[in-house]
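Heads up, the thing below is written out as structure tokens.
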Number of protein chains: 2
Amino acid sequence: MKCYPDCFVCLFRQALNTARVATDDPVLQRQVLERLAAKLAAGLPDGTPAMLSQAAYRTVAEVTGVLDPYWDQKTTTNAEALRLVPDLERMVRTADNPLETAVRVAVAGNVIDLGIGHAFDIDVDVRELMTRPFAINAMDDFRDNIGSGRQILYVGDNSGEIVFDRVLVEQLLAAGSAVVFAVKAGPVINDATREDAEIAGLTGLVPVITTGSDDIGVNWETCSAEFCDAYDGADLVVSKGQGNFEGLTERSQNVYFLLKAKCECVAAELGVTFGDIVFKHWHE
Amino acid sequence: MKCYPDCFVCLFRQALNTARVATDDPVLQRQVLERLAAKLAAGLPDGTPAMLSQAAYRTVAEVTGVLDPYWDQKTTTNAEALRLVPDLERMVRTADNPLETAVRVAVAGNVIDLGIGHAFDIDVDVRELMTRPFAINAMDDFRDNIGSGRQILYVGDNSGEIVFDRVLVEQLLAAGSAVVFAVKAGPVINDATREDAEIAGLTGLVPVITTGSDDIGVNWETCSAEFCDAYDGADLVVSKGQGNFEGLTERSQNVYFLLKAKCECVAAELGVTFGDIVFKHWHE
């Protein structure tokens with residue numbers, strides 16, 4: 001996905017939001033925006049919105065010295081999500097259609113705000129997603145594509161969410177597929193890293209690799225040979241969230257994108273409405 | 001009012017919104033944002049949010065060559081508002097409290113989106129504002145402050161809205177006050193200029209002056225001696241909209257601010273909630 005003009009505005013919004021997490025000092029918050037403006041004026045890589053946005057997060061780190069501003073939030077959301085696992089697994093186990101239910105649990109992880117102070121109600125927040133219509137729904141196609149001996153690369157998105165992903169990974173394994181799970185090599189926003197995969201119990205379940213970089217989503221210029229090989233060699237890919245969507249659509253594969261459209265530009269790219277949930281089969 | 005860090009993000013949002021009015025070319029839209037980033041990196045005057053935002057509109061003009069992108073919209077909103085005048089005047093004439101009704105008509109002009117393509121329903125859109133509570137309401141105080149021989153400077157805001165302002169000006173004149181109406185000296189956003197004051201029928205009713213500049217709101221560094229004298233010499237000032245609020249709070253006077261809080265920062269400055277309507281007596 002290429003940048004829209006709006007992405008250059010969103011760049012500054014993301015920088016300010018994250019600067020506020022990193023520091024209460026409005027002088028530093030403003031310095032972040034001014035330094036980011038200097039970088040934009042000098043020219044930023046804008047292959048994808050995610051590649052552009054990287055500058056926002058790096059600038060916050062440079063100006064405030066806070067390298068992982070969402071650390072607290074990530075810890076909280078993992079703990080909150082883990083508390084829900086027994087209920088989520090029971091939901092899948094007792095469902096008429098366990099695979100579809102697991103896919104919906106996984107998208108719930110992308111939809112639900114597990115942020116600090118958020119009062120979470122599994123009955124309200126997850127069960128509603130069990131019946132919410134997908135704007136694009138590749139479920140039948142997905143069921144035919146997984147199965148015995150299929151090699152699946154599952155590209156994770158956020159901490160907290162990764163716990164919900166485990167529930168779907170378990171269903172893919174139960175269907176006979178082999179799964180490799182990919183996380184980021186270092187902290188960026190609230191994206192899941194190897195530490196989150198361990199907390200989520202994924203490392204004991206499937207091989208966990210990293211993208212090889214701390215870029216948002218997947219940046220083909222910086223990701224590792226290990227990740228590229230896993231991507232190119234997989235029979236199919238499951239990709240969570242917008243950041244991965246932006247990067248993965250830049251390289252051919254057989255991908256199922258599972259996400260909520262959280263910005264107008266990604267929604268436009270997918271041909272859906274802002275806020276829609278999407279399970280899209282994309283292949284070239 | 002001083003800038004919030006958010007104003008530096010809003011700067012880019014305003015630039016893109018206006019660039020889109022001026023041109024359909026995404027390359028030019030992006031150039032606007034990059035040139036604006038270079039200006040911010042080099043240092044922008046940020047005395048008030050309005051002074052900061054000026055750079056957005058000037059950059060659109062420089063990059064696209066379109067000096068008055070909202071010209072069409074201003075023409076339409078004036079025509080639409082003029083069509084309503086007989087109804088608005090009847091509403092005031094038949095009201096139990098004509099002054100309060102005229103104040104509410106004036107704030108309606110600031111609230112209602114008279115943009116192109118907007119289906120306007122006077123019964124729904126104006127009448128609802130006749131009873132909507134003000135978050136801050138200086139009505140009683142205002143009634144005591146106007147009257148025979150009082151010299152009032154009325155600082156207008158947008159085209160279209162200025163037609164609604166005429167209804168309040170008529171009430172101020174009926175109360176025995178003398179009114180001078182101020183508009184912008186040149187086009188900026190959809191702000192009213194002398195041409196709009198003529199269309200609204202204000203030039204035949206009261207003396208119309210300009211701020212002496214095409215800055216958003218009032219910029220004390222660029223406004224004319226005529227405007228400064230009218231401001232300092234007035235017994236009281238009626239100020240419409242956010243841009244004027246941002247500038248006028250920088251200089252002592254006896255001012256009644258009449259506006260809708262259309263951004264979180266102005267709302268915070270006024271101690272109200274985003275979207276509230278406000279009639280605030282401010283004096284130092």
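Letters A, B, ... mark the chains of the structure tokens in the order given; residue numbers begin at 1 per chain; ligand numbers begin at 1, in order shown.
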Members of stretch 73-117 of chain A assigned alpha helix (DSSP H) by DSSP, as a ChimeraX atom specification: /A:73-93,98-111
Counting only C-alpha atoms, which residues of chain B fall within 10 Å of chain A, and what is the closest atom pair for each with its distance in Å at one decimal, ordered by chain and rising number, as a tab-separated table?
```
residue	atom	partner	partner_atom	distance
B:Tyr4	CA	A:Pro26	CA	8.0
B:Pro5	CA	A:Arg30	CA	5.6
B:Asp6	CA	A:Leu16	CA	7.4
B:Cys7	CA	A:Arg30	CA	9.8
B:Phe8	CA	A:Leu33	CA	7.2
B:Val9	CA	A:Phe12	CA	5.6
B:Cys10	CA	A:Val9	CA	8.3
B:Leu11	CA	A:Val9	CA	8.8
B:Phe12	CA	A:Val9	CA	5.5
B:Arg13	CA	A:Val9	CA	5.8
B:Gln14	CA	A:Val9	CA	9.4
B:Ala15	CA	A:Val9	CA	9.1
B:Leu16	CA	A:Asp6	CA	7.4
B:Asn17	CA	A:Asp6	CA	9.4
B:Arg20	CA	A:Pro5	CA	9.8
B:Pro26	CA	A:Pro5	CA	6.6
B:Val27	CA	A:Pro5	CA	8.4
B:Leu28	CA	A:Pro5	CA	9.6
B:Gln29	CA	A:Pro5	CA	6.7
B:Arg30	CA	A:Pro5	CA	5.7
B:Gln31	CA	A:Pro5	CA	9.4
B:Val32	CA	A:Pro5	CA	9.8
B:Leu33	CA	A:Phe8	CA	7.2
B:Glu34	CA	A:Ala41	CA	5.2
B:Arg35	CA	A:Ala41	CA	6.6
B:Leu36	CA	A:Ala41	CA	8.1
B:Ala37	CA	A:Ala37	CA	4.5
B:Ala38	CA	A:Ala41	CA	4.8
B:Lys39	CA	A:Ala37	CA	8.4
B:Leu40	CA	A:Glu34	CA	6.3
B:Ala41	CA	A:Ala38	CA	4.8
B:Ala42	CA	A:Ala38	CA	7.9
B:Gly43	CA	A:Glu34	CA	8.3
B:Leu44	CA	A:Glu34	CA	9.9
```
B:Gly233, B:Leu259, B:Ala135, B:Asp68 ranked by distance to B:Asp157, top pick (using only C-alpha atoms): B:Leu259
Neighbour list for stretch 174-180 of chain B as a list of chain:residue names, cut-off 9 Å, only C-alpha atoms, skip fewer than 6 positions in-chain: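 Those residues are B:Leu99, B:Ile146, B:Gly147, B:Ser148, B:Gly149, B:Arg150, B:Gln151, B:Ile152, B:Leu153, B:Tyr154, B:Val155, B:Val206, B:Pro207, B:Val208, B:Ile209, B:Ala230.
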Nearest to B:Val266, chosen from B:Lys184, B:Lys2, B:Arg83, B:Arg58, with only C-alpha atoms counted in the distances: B:Lys2
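When atom CA of B:Leu258 is paired with atom CA of B:Ala200, their separation reads 19.0 Å.
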